[in-house]
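Visitor: Here it is, the structure, as structure tokens.
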Amino acid sequence: MKWKMILFVLSLNIAFSACEKKDISVFSTDDTGIYFQMIRGYYGTNTEVYIDSLDFSFASVQASIRDVILNATVRTMGKVADHDRPFKVVVDKEGTTAMEGVHYEIDVDTVVIPAGESTAYVNVRFFRTDDLMEKSVRLALRLEDNEYFKCYFPKYKNMNTYTATGVQIHGDSFSFTLSEMYTIPWYWRVIIETDYFGEWTPKKFVVINMVCGFTMADWDRAGGTGAKIIYGRCGFFATMVQKYLQGQADAGTPVLDSDGKYMQLDPDYAVDYSRYE
């Protein structure tokens, strides 16, 4: 028993000596860092997943919505300040296919981390343009050093759990991808075919949705119990669209279809474009 006690005391001395000799480095600089971080959390857990890009399709919103504001979240490391601190964000021309003033507008000259805060948002207004029905466009943003902040995190792990083996994402860049590409709904292809609305085109589809107030969810549920879109009501909806198109034509603003021709429905709901022929 005596020897066991002596060995126990010696082991404690060795452990304490080891602790005394080990130096632990700490973050001691007064510099403040800045990085992009948009959070996507797991439901029911404390795990956070981070992303460095965002995809948005105008097909997911009603056709009457002509623009949308999306944002990129910016966070800081280091002490907060009692005054606003401007940070520098620029459009990465090499990674951008969207055209400023056509697809988007952004003000990068007034972005700040507000006083007492460690988070800010870079807001971008995106516009619904016809070419998004045929292609996607991309806007890439990049953070740069300035007198207030440094970009310490060009890359970091996309999860907040220490043991997770998440992929690496970019801390100094963030991108948006915009589109509005459609595929013909099954109900139109199988049930409606060319009746009522005529041949399906992406642009005609958007006009019909705008006039009738349809969403993609309405088309997914078409024909079902309680659905908004059923075969027996399509004549009523076609009349609504015909009246809209005729009104636009009579006002001198005829609606063009995806092929550049005047938009038409089924012959039973024809629009009179004779004044333009």
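Chain lettering (A, B, ...) mirrors the order of the structure tokens, residue numbering begins at 1 for each chain separately, and ligand numbering begins at 1 in order of display.
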Do a neighbour search on region 56-73 of chain A at 8 Å with only C-alpha atoms, toss out local chain neighbours closer than 6 positions, and write the hits as a PyMOL selection string.

Guide: chain A and resi 36-38+119-128+174+176-182+206-207+209-210+213-216

Visitor: Filtering to C-alpha atoms, could you give me those residues as a PDB file, in the first residue's frame?

Guide:
ATOM      1  CA  PHE A  36     -18.570  35.178 -45.871  1.00  0.00           C
ATOM      2  CA  GLN A  37     -20.681  32.691 -43.967  1.00  0.00           C
ATOM      3  CA  MET A  38     -24.249  31.707 -44.826  1.00  0.00           C
ATOM      4  CA  THR A 119     -22.474  40.625 -38.844  1.00  0.00           C
ATOM      5  CA  ALA A 120     -23.663  42.466 -41.949  1.00  0.00           C
ATOM      6  CA  TYR A 121     -25.410  41.633 -45.230  1.00  0.00           C
ATOM      7  CA  VAL A 122     -24.492  42.417 -48.812  1.00  0.00           C
ATOM      8  CA  ASN A 123     -27.835  42.920 -50.554  1.00  0.00           C
ATOM      9  CA  VAL A 124     -28.261  42.310 -54.283  1.00  0.00           C
ATOM     10  CA  ARG A 125     -31.406  42.999 -56.302  1.00  0.00           C
ATOM     11  CA  PHE A 126     -31.879  40.508 -59.132  1.00  0.00           C
ATOM     12  CA  PHE A 127     -34.244  41.120 -62.046  1.00  0.00           C
ATOM     13  CA  ARG A 128     -36.471  38.654 -63.851  1.00  0.00           C
ATOM     14  CA  PHE A 174     -19.623  34.163 -52.469  1.00  0.00           C
ATOM     15  CA  PHE A 176     -25.287  33.669 -56.731  1.00  0.00           C
ATOM     16  CA  THR A 177     -26.666  31.635 -59.629  1.00  0.00           C
ATOM     17  CA  LEU A 178     -29.957  32.824 -61.153  1.00  0.00           C
ATOM     18  CA  SER A 179     -32.263  31.130 -63.642  1.00  0.00           C
ATOM     19  CA  GLU A 180     -35.882  30.599 -64.628  1.00  0.00           C
ATOM     20  CA  MET A 181     -35.840  27.427 -66.660  1.00  0.00           C
ATOM     21  CA  TYR A 182     -38.978  25.324 -66.946  1.00  0.00           C
ATOM     22  CA  VAL A 206     -45.036  32.343 -67.491  1.00  0.00           C
ATOM     23  CA  VAL A 207     -47.790  34.559 -68.961  1.00  0.00           C
ATOM     24  CA  ASN A 209     -49.167  31.667 -64.583  1.00  0.00           C
ATOM     25  CA  MET A 210     -49.134  35.449 -64.177  1.00  0.00           C
ATOM     26  CA  GLY A 213     -52.172  33.246 -60.527  1.00  0.00           C
ATOM     27  CA  PHE A 214     -50.774  29.721 -60.911  1.00  0.00           C
ATOM     28  CA  THR A 215     -47.660  28.487 -59.134  1.00  0.00           C
ATOM     29  CA  MET A 216     -45.495  25.454 -59.846  1.00  0.00           C
TER      30      MET A 216
END

Visitor: Write out as a ChimeraX atom specification the residues lying within 7 Å of Leu245 (chain A), counting only C-alpha atoms and excluding same-chain residues fewer than 3 positions away.

Guide: /A:241-242,248-249,255,271

Visitor: Per residue of region 21-125 of chain A within 9 Å of region 139-158 of chain A, record the nearest atom pair and its distance in Å to one decimal, counting only C-alpha atoms, with rows in chain order and ascending residue number, as a tab-separated table.

Guide:
residue	atom	partner	partner_atom	distance
A:Asp31	CA	A:Phe149	CA	7.1
A:Thr32	CA	A:Phe149	CA	5.2
A:Gly33	CA	A:Lys150	CA	4.7
A:Ile34	CA	A:Cys151	CA	5.4
A:Tyr35	CA	A:Cys151	CA	6.4
A:Phe36	CA	A:Leu143	CA	8.1
A:Glu48	CA	A:Asn158	CA	8.2
A:Val49	CA	A:Asn158	CA	5.6
A:Tyr50	CA	A:Asn158	CA	4.8
A:Ile51	CA	A:Asn158	CA	6.7
A:Asp52	CA	A:Asn158	CA	8.8
A:Ser53	CA	A:Ala140	CA	8.8
A:Ala72	CA	A:Leu141	CA	8.9
A:Thr76	CA	A:Phe149	CA	8.2
A:Arg85	CA	A:Tyr148	CA	6.6
A:Pro86	CA	A:Tyr148	CA	7.2
A:Phe87	CA	A:Asn146	CA	6.6
A:Lys88	CA	A:Glu144	CA	5.5
A:Val89	CA	A:Leu143	CA	4.5
A:Val90	CA	A:Arg142	CA	5.4
A:Val91	CA	A:Leu141	CA	4.7
A:Asp92	CA	A:Ala140	CA	5.3
A:Lys93	CA	A:Ala140	CA	7.5
A:Glu94	CA	A:Ala140	CA	8.4
A:Gly95	CA	A:Ala140	CA	5.5
A:Thr96	CA	A:Leu139	CA	4.7
A:Thr97	CA	A:Leu139	CA	6.5
A:Ala98	CA	A:Leu139	CA	5.7
A:Met99	CA	A:Leu139	CA	8.5
A:Tyr104	CA	A:Leu139	CA	8.5

Visitor: Would you write out those residues with N, CA, C and O atoms, as a tab-separated table (two decimals), in the first residue's frame?

Guide:
chain	number	residue	atom	x	y	z
A	31	ASP	N	-5.84	42.77	-34.88
A	31	ASP	CA	-6.45	42.79	-36.21
A	31	ASP	C	-7.82	42.12	-36.18
A	31	ASP	O	-8.07	41.21	-35.38
A	32	THR	N	-8.69	42.55	-37.06
A	32	THR	CA	-10.01	41.95	-37.17
A	32	THR	C	-10.16	41.33	-38.55
A	32	THR	O	-9.75	41.90	-39.56
A	33	GLY	N	-10.73	40.13	-38.58
A	33	GLY	CA	-10.90	39.42	-39.83
A	33	GLY	C	-12.33	39.52	-40.33
A	33	GLY	O	-13.25	39.89	-39.60
A	34	ILE	N	-12.53	39.18	-41.60
A	34	ILE	CA	-13.85	39.22	-42.20
A	34	ILE	C	-13.98	38.06	-43.19
A	34	ILE	O	-13.00	37.68	-43.84
A	35	TYR	N	-15.18	37.51	-43.28
A	35	TYR	CA	-15.39	36.35	-44.16
A	35	TYR	C	-16.88	36.20	-44.45
A	35	TYR	O	-17.74	36.67	-43.69
A	36	PHE	N	-17.19	35.52	-45.54
A	36	PHE	CA	-18.57	35.18	-45.87
A	36	PHE	C	-18.96	33.91	-45.10
A	36	PHE	O	-18.17	32.98	-44.99
A	48	GLU	N	-24.15	23.11	-37.58
A	48	GLU	CA	-24.39	24.14	-38.59
A	48	GLU	C	-23.61	23.81	-39.85
A	48	GLU	O	-22.43	23.43	-39.76
A	49	VAL	N	-24.25	23.96	-40.96
A	49	VAL	CA	-23.60	23.74	-42.25
A	49	VAL	C	-23.49	25.09	-42.96
A	49	VAL	O	-24.47	25.84	-43.02
A	50	TYR	N	-22.32	25.39	-43.49
A	50	TYR	CA	-22.08	26.68	-44.13
A	50	TYR	C	-21.95	26.51	-45.65
A	50	TYR	O	-21.46	25.49	-46.13
A	51	ILE	N	-22.40	27.50	-46.38
A	51	ILE	CA	-22.32	27.46	-47.84
A	51	ILE	C	-21.68	28.74	-48.34
A	51	ILE	O	-21.73	29.79	-47.68
A	52	ASP	N	-21.07	28.67	-49.52
A	52	ASP	CA	-20.45	29.84	-50.11
A	52	ASP	C	-21.08	30.20	-51.45
A	52	ASP	O	-20.50	30.93	-52.26
A	53	SER	N	-22.29	29.67	-51.71
A	53	SER	CA	-23.01	29.99	-52.94
A	53	SER	C	-24.50	29.79	-52.72
A	53	SER	O	-24.91	29.06	-51.80
A	72	ALA	N	-25.80	38.09	-49.15
A	72	ALA	CA	-24.68	37.27	-48.68
A	72	ALA	C	-24.32	37.75	-47.29
A	72	ALA	O	-24.16	38.96	-47.06
A	76	THR	N	-17.50	38.79	-38.86
A	76	THR	CA	-16.15	39.25	-38.49
A	76	THR	C	-15.62	38.42	-37.34
A	76	THR	O	-16.36	37.80	-36.58
A	85	ARG	N	-17.93	50.25	-39.33
A	85	ARG	CA	-16.66	49.95	-39.98
A	85	ARG	C	-16.92	49.49	-41.42
A	85	ARG	O	-17.49	48.41	-41.63
A	86	PRO	N	-16.53	50.30	-42.39
A	86	PRO	CA	-16.71	49.87	-43.79
A	86	PRO	C	-15.84	48.65	-44.11
A	86	PRO	O	-14.76	48.49	-43.56
A	87	PHE	N	-16.35	47.78	-44.96
A	87	PHE	CA	-15.53	46.68	-45.48
A	87	PHE	C	-15.58	46.73	-47.00
A	87	PHE	O	-16.43	47.40	-47.59
A	88	LYS	N	-14.65	46.03	-47.62
A	88	LYS	CA	-14.52	46.10	-49.07
A	88	LYS	C	-14.99	44.81	-49.72
A	88	LYS	O	-14.47	43.73	-49.46
A	89	VAL	N	-16.00	44.95	-50.59
A	89	VAL	CA	-16.48	43.82	-51.39
A	89	VAL	C	-16.56	44.29	-52.83
A	89	VAL	O	-16.98	45.41	-53.11
A	90	VAL	N	-16.11	43.45	-53.75
A	90	VAL	CA	-16.09	43.80	-55.17
A	90	VAL	C	-16.75	42.68	-55.98
A	90	VAL	O	-16.90	41.55	-55.51
A	91	VAL	N	-17.16	43.01	-57.19
A	91	VAL	CA	-17.67	42.01	-58.11
A	91	VAL	C	-16.48	41.34	-58.80
A	91	VAL	O	-15.63	42.02	-59.37
A	92	ASP	N	-16.43	40.03	-58.69
A	92	ASP	CA	-15.37	39.26	-59.34
A	92	ASP	C	-15.74	39.10	-60.82
A	92	ASP	O	-16.58	38.27	-61.18
A	93	LYS	N	-15.14	39.90	-61.66
A	93	LYS	CA	-15.51	39.93	-63.08
A	93	LYS	C	-15.27	38.59	-63.77
A	93	LYS	O	-16.05	38.16	-64.62
A	94	GLU	N	-14.20	37.90	-63.41
A	94	GLU	CA	-13.87	36.63	-64.06
A	94	GLU	C	-14.90	35.55	-63.75
A	94	GLU	O	-15.16	34.68	-64.57
A	95	GLY	N	-15.48	35.60	-62.55
A	95	GLY	CA	-16.45	34.58	-62.17
A	95	GLY	C	-17.88	34.98	-62.39
A	95	GLY	O	-18.80	34.26	-61.96
A	96	THR	N	-18.11	36.12	-63.05
A	96	THR	CA	-19.46	36.67	-63.22
A	96	THR	C	-19.89	36.65	-64.67
A	96	THR	O	-19.15	37.11	-65.55
A	97	THR	N	-21.09	36.14	-64.91
A	97	THR	CA	-21.69	36.19	-66.26
A	97	THR	C	-22.91	37.10	-66.29
A	97	THR	O	-23.38	37.47	-67.36
A	98	ALA	N	-23.45	37.44	-65.13
A	98	ALA	CA	-24.60	38.35	-65.06
A	98	ALA	C	-24.15	39.76	-65.41
A	98	ALA	O	-23.01	40.16	-65.13
A	99	MET	N	-25.06	40.53	-66.03
A	99	MET	CA	-24.75	41.90	-66.44
A	99	MET	C	-25.37	42.89	-65.45
A	99	MET	O	-26.58	42.84	-65.19
A	104	TYR	N	-28.85	42.42	-62.43
A	104	TYR	CA	-28.73	42.73	-61.01
A	104	TYR	C	-28.30	44.18	-60.81
A	104	TYR	O	-27.81	44.86	-61.72

Visitor: Got a sec: who's within 12 Å of region 222-231 of chain A, counting only C-alpha atoms, leaving out chain neighbours fewer than 6 positions off, as a PDB file with all heavy atoms, in the first residue's frame?

Guide:
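Now in selection_34.pdb:
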ATOM      1  N   PRO A 185     -45.065  20.847 -67.697  1.00  0.00           N
ATOM      2  CA  PRO A 185     -45.690  20.039 -66.638  1.00  0.00           C
ATOM      3  C   PRO A 185     -46.368  18.800 -67.224  1.00  0.00           C
ATOM      4  O   PRO A 185     -46.878  18.828 -68.345  1.00  0.00           O
ATOM      5  CB  PRO A 185     -46.730  21.000 -66.038  1.00  0.00           C
ATOM      6  CG  PRO A 185     -46.292  22.376 -66.447  1.00  0.00           C
ATOM      7  CD  PRO A 185     -45.625  22.204 -67.774  1.00  0.00           C
ATOM      8  N   TRP A 186     -46.384  17.748 -66.460  1.00  0.00           N
ATOM      9  CA  TRP A 186     -46.965  16.495 -66.931  1.00  0.00           C
ATOM     10  C   TRP A 186     -48.434  16.675 -67.288  1.00  0.00           C
ATOM     11  O   TRP A 186     -48.926  16.069 -68.252  1.00  0.00           O
ATOM     12  CB  TRP A 186     -46.806  15.397 -65.878  1.00  0.00           C
ATOM     13  CG  TRP A 186     -47.735  15.562 -64.693  1.00  0.00           C
ATOM     14  CD1 TRP A 186     -47.479  16.227 -63.541  1.00  0.00           C
ATOM     15  CD2 TRP A 186     -49.067  15.055 -64.591  1.00  0.00           C
ATOM     16  NE1 TRP A 186     -48.566  16.189 -62.708  1.00  0.00           N
ATOM     17  CE2 TRP A 186     -49.566  15.469 -63.331  1.00  0.00           C
ATOM     18  CE3 TRP A 186     -49.894  14.310 -65.420  1.00  0.00           C
ATOM     19  CZ2 TRP A 186     -50.839  15.163 -62.875  1.00  0.00           C
ATOM     20  CZ3 TRP A 186     -51.181  14.001 -64.980  1.00  0.00           C
ATOM     21  CH2 TRP A 186     -51.648  14.419 -63.726  1.00  0.00           C
ATOM     22  N   TYR A 187     -49.166  17.508 -66.529  1.00  0.00           N
ATOM     23  CA  TYR A 187     -50.602  17.660 -66.772  1.00  0.00           C
ATOM     24  C   TYR A 187     -50.847  18.321 -68.118  1.00  0.00           C
ATOM     25  O   TYR A 187     -51.784  17.957 -68.828  1.00  0.00           O
ATOM     26  CB  TYR A 187     -51.244  18.480 -65.648  1.00  0.00           C
ATOM     27  CG  TYR A 187     -52.763  18.444 -65.659  1.00  0.00           C
ATOM     28  CD1 TYR A 187     -53.438  17.347 -65.143  1.00  0.00           C
ATOM     29  CD2 TYR A 187     -53.510  19.490 -66.190  1.00  0.00           C
ATOM     30  CE1 TYR A 187     -54.824  17.289 -65.151  1.00  0.00           C
ATOM     31  CE2 TYR A 187     -54.889  19.446 -66.205  1.00  0.00           C
ATOM     32  CZ  TYR A 187     -55.546  18.339 -65.683  1.00  0.00           C
ATOM     33  OH  TYR A 187     -56.924  18.282 -65.706  1.00  0.00           O
ATOM     34  N   TRP A 188     -50.017  19.295 -68.471  1.00  0.00           N
ATOM     35  CA  TRP A 188     -50.135  19.931 -69.784  1.00  0.00           C
ATOM     36  C   TRP A 188     -49.801  18.920 -70.878  1.00  0.00           C
ATOM     37  O   TRP A 188     -50.516  18.796 -71.871  1.00  0.00           O
ATOM     38  CB  TRP A 188     -49.207  21.128 -69.853  1.00  0.00           C
ATOM     39  CG  TRP A 188     -49.331  21.967 -71.094  1.00  0.00           C
ATOM     40  CD1 TRP A 188     -49.365  21.546 -72.385  1.00  0.00           C
ATOM     41  CD2 TRP A 188     -49.433  23.389 -71.149  1.00  0.00           C
ATOM     42  NE1 TRP A 188     -49.469  22.597 -73.254  1.00  0.00           N
ATOM     43  CE2 TRP A 188     -49.513  23.752 -72.523  1.00  0.00           C
ATOM     44  CE3 TRP A 188     -49.435  24.397 -70.195  1.00  0.00           C
ATOM     45  CZ2 TRP A 188     -49.603  25.081 -72.943  1.00  0.00           C
ATOM     46  CZ3 TRP A 188     -49.533  25.709 -70.604  1.00  0.00           C
ATOM     47  CH2 TRP A 188     -49.613  26.049 -71.968  1.00  0.00           C
ATOM     48  N   ARG A 189     -48.724  18.187 -70.695  1.00  0.00           N
ATOM     49  CA  ARG A 189     -48.251  17.259 -71.720  1.00  0.00           C
ATOM     50  C   ARG A 189     -49.213  16.094 -71.930  1.00  0.00           C
ATOM     51  O   ARG A 189     -49.478  15.682 -73.065  1.00  0.00           O
ATOM     52  CB  ARG A 189     -46.875  16.731 -71.328  1.00  0.00           C
ATOM     53  CG  ARG A 189     -46.227  15.827 -72.382  1.00  0.00           C
ATOM     54  CD  ARG A 189     -44.895  15.305 -71.928  1.00  0.00           C
ATOM     55  NE  ARG A 189     -45.005  14.377 -70.816  1.00  0.00           N
ATOM     56  CZ  ARG A 189     -44.646  14.643 -69.573  1.00  0.00           C
ATOM     57  NH1 ARG A 189     -44.125  15.823 -69.278  1.00  0.00           N
ATOM     58  NH2 ARG A 189     -44.795  13.741 -68.605  1.00  0.00           N
ATOM     59  N   VAL A 190     -49.788  15.561 -70.851  1.00  0.00           N
ATOM     60  CA  VAL A 190     -50.591  14.347 -70.928  1.00  0.00           C
ATOM     61  C   VAL A 190     -52.083  14.643 -71.082  1.00  0.00           C
ATOM     62  O   VAL A 190     -52.777  13.975 -71.843  1.00  0.00           O
ATOM     63  CB  VAL A 190     -50.360  13.476 -69.674  1.00  0.00           C
ATOM     64  CG1 VAL A 190     -51.264  12.249 -69.689  1.00  0.00           C
ATOM     65  CG2 VAL A 190     -48.899  13.070 -69.588  1.00  0.00           C
ATOM     66  N   ILE A 191     -52.583  15.665 -70.391  1.00  0.00           N
ATOM     67  CA  ILE A 191     -54.024  15.922 -70.343  1.00  0.00           C
ATOM     68  C   ILE A 191     -54.445  17.054 -71.281  1.00  0.00           C
ATOM     69  O   ILE A 191     -55.335  16.906 -72.109  1.00  0.00           O
ATOM     70  CB  ILE A 191     -54.474  16.239 -68.914  1.00  0.00           C
ATOM     71  CG1 ILE A 191     -54.038  15.126 -67.954  1.00  0.00           C
ATOM     72  CG2 ILE A 191     -55.988  16.456 -68.858  1.00  0.00           C
ATOM     73  CD1 ILE A 191     -54.607  13.767 -68.281  1.00  0.00           C
ATOM     74  N   ILE A 192     -53.764  18.200 -71.166  1.00  0.00           N
ATOM     75  CA  ILE A 192     -54.176  19.362 -71.952  1.00  0.00           C
ATOM     76  C   ILE A 192     -53.699  19.255 -73.388  1.00  0.00           C
ATOM     77  O   ILE A 192     -54.414  19.617 -74.326  1.00  0.00           O
ATOM     78  CB  ILE A 192     -53.643  20.667 -71.313  1.00  0.00           C
ATOM     79  CG1 ILE A 192     -54.213  20.833 -69.902  1.00  0.00           C
ATOM     80  CG2 ILE A 192     -54.008  21.874 -72.165  1.00  0.00           C
ATOM     81  CD1 ILE A 192     -53.693  22.049 -69.176  1.00  0.00           C
ATOM     82  N   GLU A 193     -52.469  18.781 -73.552  1.00  0.00           N
ATOM     83  CA  GLU A 193     -51.824  18.726 -74.862  1.00  0.00           C
ATOM     84  C   GLU A 193     -51.897  20.118 -75.509  1.00  0.00           C
ATOM     85  O   GLU A 193     -51.428  21.088 -74.951  1.00  0.00           O
ATOM     86  CB  GLU A 193     -52.445  17.634 -75.728  1.00  0.00           C
ATOM     87  CG  GLU A 193     -52.226  16.231 -75.168  1.00  0.00           C
ATOM     88  CD  GLU A 193     -52.822  15.149 -76.031  1.00  0.00           C
ATOM     89  OE1 GLU A 193     -53.687  15.453 -76.876  1.00  0.00           O
ATOM     90  OE2 GLU A 193     -52.410  13.993 -75.861  1.00  0.00           O
ATOM     91  N   ASP A 195     -54.817  21.583 -76.406  1.00  0.00           N
ATOM     92  CA  ASP A 195     -56.127  22.189 -76.158  1.00  0.00           C
ATOM     93  C   ASP A 195     -55.982  23.449 -75.320  1.00  0.00           C
ATOM     94  O   ASP A 195     -55.100  23.550 -74.463  1.00  0.00           O
ATOM     95  CB  ASP A 195     -57.047  21.206 -75.429  1.00  0.00           C
ATOM     96  CG  ASP A 195     -57.377  19.991 -76.273  1.00  0.00           C
ATOM     97  OD1 ASP A 195     -57.167  20.064 -77.497  1.00  0.00           O
ATOM     98  OD2 ASP A 195     -57.822  18.985 -75.710  1.00  0.00           O
ATOM     99  N   TYR A 196     -56.865  24.397 -75.560  1.00  0.00           N
ATOM    100  CA  TYR A 196     -56.991  25.613 -74.767  1.00  0.00           C
ATOM    101  C   TYR A 196     -55.814  26.571 -74.946  1.00  0.00           C
ATOM    102  O   TYR A 196     -55.969  27.678 -75.450  1.00  0.00           O
ATOM    103  CB  TYR A 196     -57.181  25.297 -73.284  1.00  0.00           C
ATOM    104  CG  TYR A 196     -58.400  24.458 -73.012  1.00  0.00           C
ATOM    105  CD1 TYR A 196     -58.293  23.143 -72.584  1.00  0.00           C
ATOM    106  CD2 TYR A 196     -59.679  24.989 -73.201  1.00  0.00           C
ATOM    107  CE1 TYR A 196     -59.414  22.366 -72.351  1.00  0.00           C
ATOM    108  CE2 TYR A 196     -60.816  24.217 -72.972  1.00  0.00           C
ATOM    109  CZ  TYR A 196     -60.679  22.905 -72.552  1.00  0.00           C
ATOM    110  OH  TYR A 196     -61.788  22.146 -72.330  1.00  0.00           O
ATOM    111  N   PHE A 197     -54.631  26.201 -74.493  1.00  0.00           N
ATOM    112  CA  PHE A 197     -53.499  27.122 -74.483  1.00  0.00           C
ATOM    113  C   PHE A 197     -52.594  26.994 -75.703  1.00  0.00           C
ATOM    114  O   PHE A 197     -51.676  27.797 -75.875  1.00  0.00           O
ATOM    115  CB  PHE A 197     -52.658  26.916 -73.217  1.00  0.00           C
ATOM    116  CG  PHE A 197     -53.412  27.160 -71.946  1.00  0.00           C
ATOM    117  CD1 PHE A 197     -53.487  26.176 -70.985  1.00  0.00           C
ATOM    118  CD2 PHE A 197     -54.058  28.367 -71.713  1.00  0.00           C
ATOM    119  CE1 PHE A 197     -54.180  26.388 -69.802  1.00  0.00           C
ATOM    120  CE2 PHE A 197     -54.750  28.598 -70.540  1.00  0.00           C
ATOM    121  CZ  PHE A 197     -54.818  27.601 -69.578  1.00  0.00           C
ATOM    122  N   ILE A 208     -49.286  32.663 -68.670  1.00  0.00           N
ATOM    123  CA  ILE A 208     -50.463  31.978 -68.136  1.00  0.00           C
ATOM    124  C   ILE A 208     -50.441  31.973 -66.610  1.00  0.00           C
ATOM    125  O   ILE A 208     -51.449  32.256 -65.953  1.00  0.00           O
ATOM    126  CB  ILE A 208     -50.536  30.539 -68.686  1.00  0.00           C
ATOM    127  CG1 ILE A 208     -50.839  30.564 -70.184  1.00  0.00           C
ATOM    128  CG2 ILE A 208     -51.590  29.719 -67.940  1.00  0.00           C
ATOM    129  CD1 ILE A 208     -50.700  29.216 -70.861  1.00  0.00           C
ATOM    130  N   ASN A 209     -49.284  31.678 -66.040  1.00  0.00           N
ATOM    131  CA  ASN A 209     -49.167  31.667 -64.583  1.00  0.00           C
ATOM    132  C   ASN A 209     -49.417  33.046 -63.996  1.00  0.00           C
ATOM    133  O   ASN A 209     -50.031  33.173 -62.924  1.00  0.00           O
ATOM    134  CB  ASN A 209     -47.789  31.169 -64.177  1.00  0.00           C
ATOM    135  CG  ASN A 209     -47.595  29.694 -64.472  1.00  0.00           C
ATOM    136  OD1 ASN A 209     -48.554  28.969 -64.705  1.00  0.00           O
ATOM    137  ND2 ASN A 209     -46.351  29.254 -64.479  1.00  0.00           N
ATOM    138  N   CYS A 212     -53.327  33.914 -64.478  1.00  0.00           N
ATOM    139  CA  CYS A 212     -54.227  33.040 -63.719  1.00  0.00           C
ATOM    140  C   CYS A 212     -53.809  32.872 -62.254  1.00  0.00           C
ATOM    141  O   CYS A 212     -54.550  32.274 -61.468  1.00  0.00           O
ATOM    142  CB  CYS A 212     -54.300  31.669 -64.383  1.00  0.00           C
ATOM    143  SG  CYS A 212     -54.922  31.708 -66.082  1.00  0.00           S
ATOM    144  N   GLY A 213     -52.641  33.371 -61.909  1.00  0.00           N
ATOM    145  CA  GLY A 213     -52.172  33.246 -60.527  1.00  0.00           C
ATOM    146  C   GLY A 213     -51.711  31.851 -60.167  1.00  0.00           C
ATOM    147  O   GLY A 213     -51.738  31.462 -58.997  1.00  0.00           O
ATOM    148  N   PHE A 214     -51.248  31.082 -61.173  1.00  0.00           N
ATOM    149  CA  PHE A 214     -50.774  29.721 -60.911  1.00  0.00           C
ATOM    150  C   PHE A 214     -49.353  29.747 -60.355  1.00  0.00           C
ATOM    151  O   PHE A 214     -48.560  30.647 -60.655  1.00  0.00           O
ATOM    152  CB  PHE A 214     -50.759  28.878 -62.194  1.00  0.00           C
ATOM    153  CG  PHE A 214     -52.108  28.661 -62.811  1.00  0.00           C
ATOM    154  CD1 PHE A 214     -52.226  28.392 -64.173  1.00  0.00           C
ATOM    155  CD2 PHE A 214     -53.263  28.708 -62.047  1.00  0.00           C
ATOM    156  CE1 PHE A 214     -53.467  28.175 -64.751  1.00  0.00           C
ATOM    157  CE2 PHE A 214     -54.512  28.496 -62.617  1.00  0.00           C
ATOM    158  CZ  PHE A 214     -54.612  28.229 -63.973  1.00  0.00           C
ATOM    159  N   THR A 215     -49.024  28.740 -59.578  1.00  0.00           N
ATOM    160  CA  THR A 215     -47.660  28.487 -59.134  1.00  0.00           C
ATOM    161  C   THR A 215     -47.236  27.104 -59.616  1.00  0.00           C
ATOM    162  O   THR A 215     -48.063  26.316 -60.097  1.00  0.00           O
ATOM    163  CB  THR A 215     -47.554  28.547 -57.601  1.00  0.00           C
ATOM    164  OG1 THR A 215     -48.330  27.469 -57.045  1.00  0.00           O
ATOM    165  CG2 THR A 215     -48.082  29.872 -57.059  1.00  0.00           C
ATOM    166  N   MET A 216     -45.953  26.782 -59.469  1.00  0.00           N
ATOM    167  CA  MET A 216     -45.495  25.454 -59.846  1.00  0.00           C
ATOM    168  C   MET A 216     -46.176  24.383 -58.985  1.00  0.00           C
ATOM    169  O   MET A 216     -46.441  23.272 -59.453  1.00  0.00           O
ATOM    170  CB  MET A 216     -43.973  25.360 -59.706  1.00  0.00           C
ATOM    171  CG  MET A 216     -43.209  26.206 -60.716  1.00  0.00           C
ATOM    172  SD  MET A 216     -43.641  25.824 -62.439  1.00  0.00           S
ATOM    173  CE  MET A 216     -43.138  24.108 -62.545  1.00  0.00           C
ATOM    174  N   PHE A 237     -59.826  29.543 -67.866  1.00  0.00           N
ATOM    175  CA  PHE A 237     -58.480  30.112 -67.763  1.00  0.00           C
ATOM    176  C   PHE A 237     -57.978  30.586 -69.130  1.00  0.00           C
ATOM    177  O   PHE A 237     -57.331  31.642 -69.228  1.00  0.00           O
ATOM    178  CB  PHE A 237     -57.513  29.083 -67.175  1.00  0.00           C
ATOM    179  CG  PHE A 237     -57.804  28.723 -65.753  1.00  0.00           C
ATOM    180  CD1 PHE A 237     -57.839  27.397 -65.345  1.00  0.00           C
ATOM    181  CD2 PHE A 237     -58.048  29.711 -64.808  1.00  0.00           C
ATOM    182  CE1 PHE A 237     -58.102  27.059 -64.031  1.00  0.00           C
ATOM    183  CE2 PHE A 237     -58.317  29.386 -63.475  1.00  0.00           C
ATOM    184  CZ  PHE A 237     -58.348  28.053 -63.096  1.00  0.00           C
ATOM    185  N   ALA A 238     -58.263  29.818 -70.192  1.00  0.00           N
ATOM    186  CA  ALA A 238     -57.844  30.221 -71.531  1.00  0.00           C
ATOM    187  C   ALA A 238     -58.501  31.536 -71.942  1.00  0.00           C
ATOM    188  O   ALA A 238     -57.873  32.383 -72.594  1.00  0.00           O
ATOM    189  CB  ALA A 238     -58.172  29.123 -72.540  1.00  0.00           C
TER     190      ALA A 238
END

Visitor: Which residue is closest to Asp257 (chain A)? Choose from A:Met159, A:Trp200, A:Asp107, A:Arg75 and count only C-alpha atoms.

Guide: A:Trp200

Visitor: Determine which residues of region 70-258 of chain A DSSP labels as strand (DSSP E or B) from the backbone of this structure, then write them out as JSON, numbers by chain.

Guide: {"A": [70, 71, 72, 73, 74, 75, 76, 77, 85, 86, 88, 89, 90, 91, 100, 104, 105, 106, 112, 113, 119, 120, 121, 122, 123, 124, 125, 126, 127, 137, 138, 139, 140, 141, 142, 143, 144, 150, 155, 156, 157, 159, 168, 169, 170, 173, 174, 175, 176, 177, 178, 179, 256]}

Visitor: Please return as an MDAnalysis selection string: the residues of region 9-199 of chain A that backbone DSSP assigns to alpha helix (DSSP H).

Guide: chainID A and resid 9:21 186:187
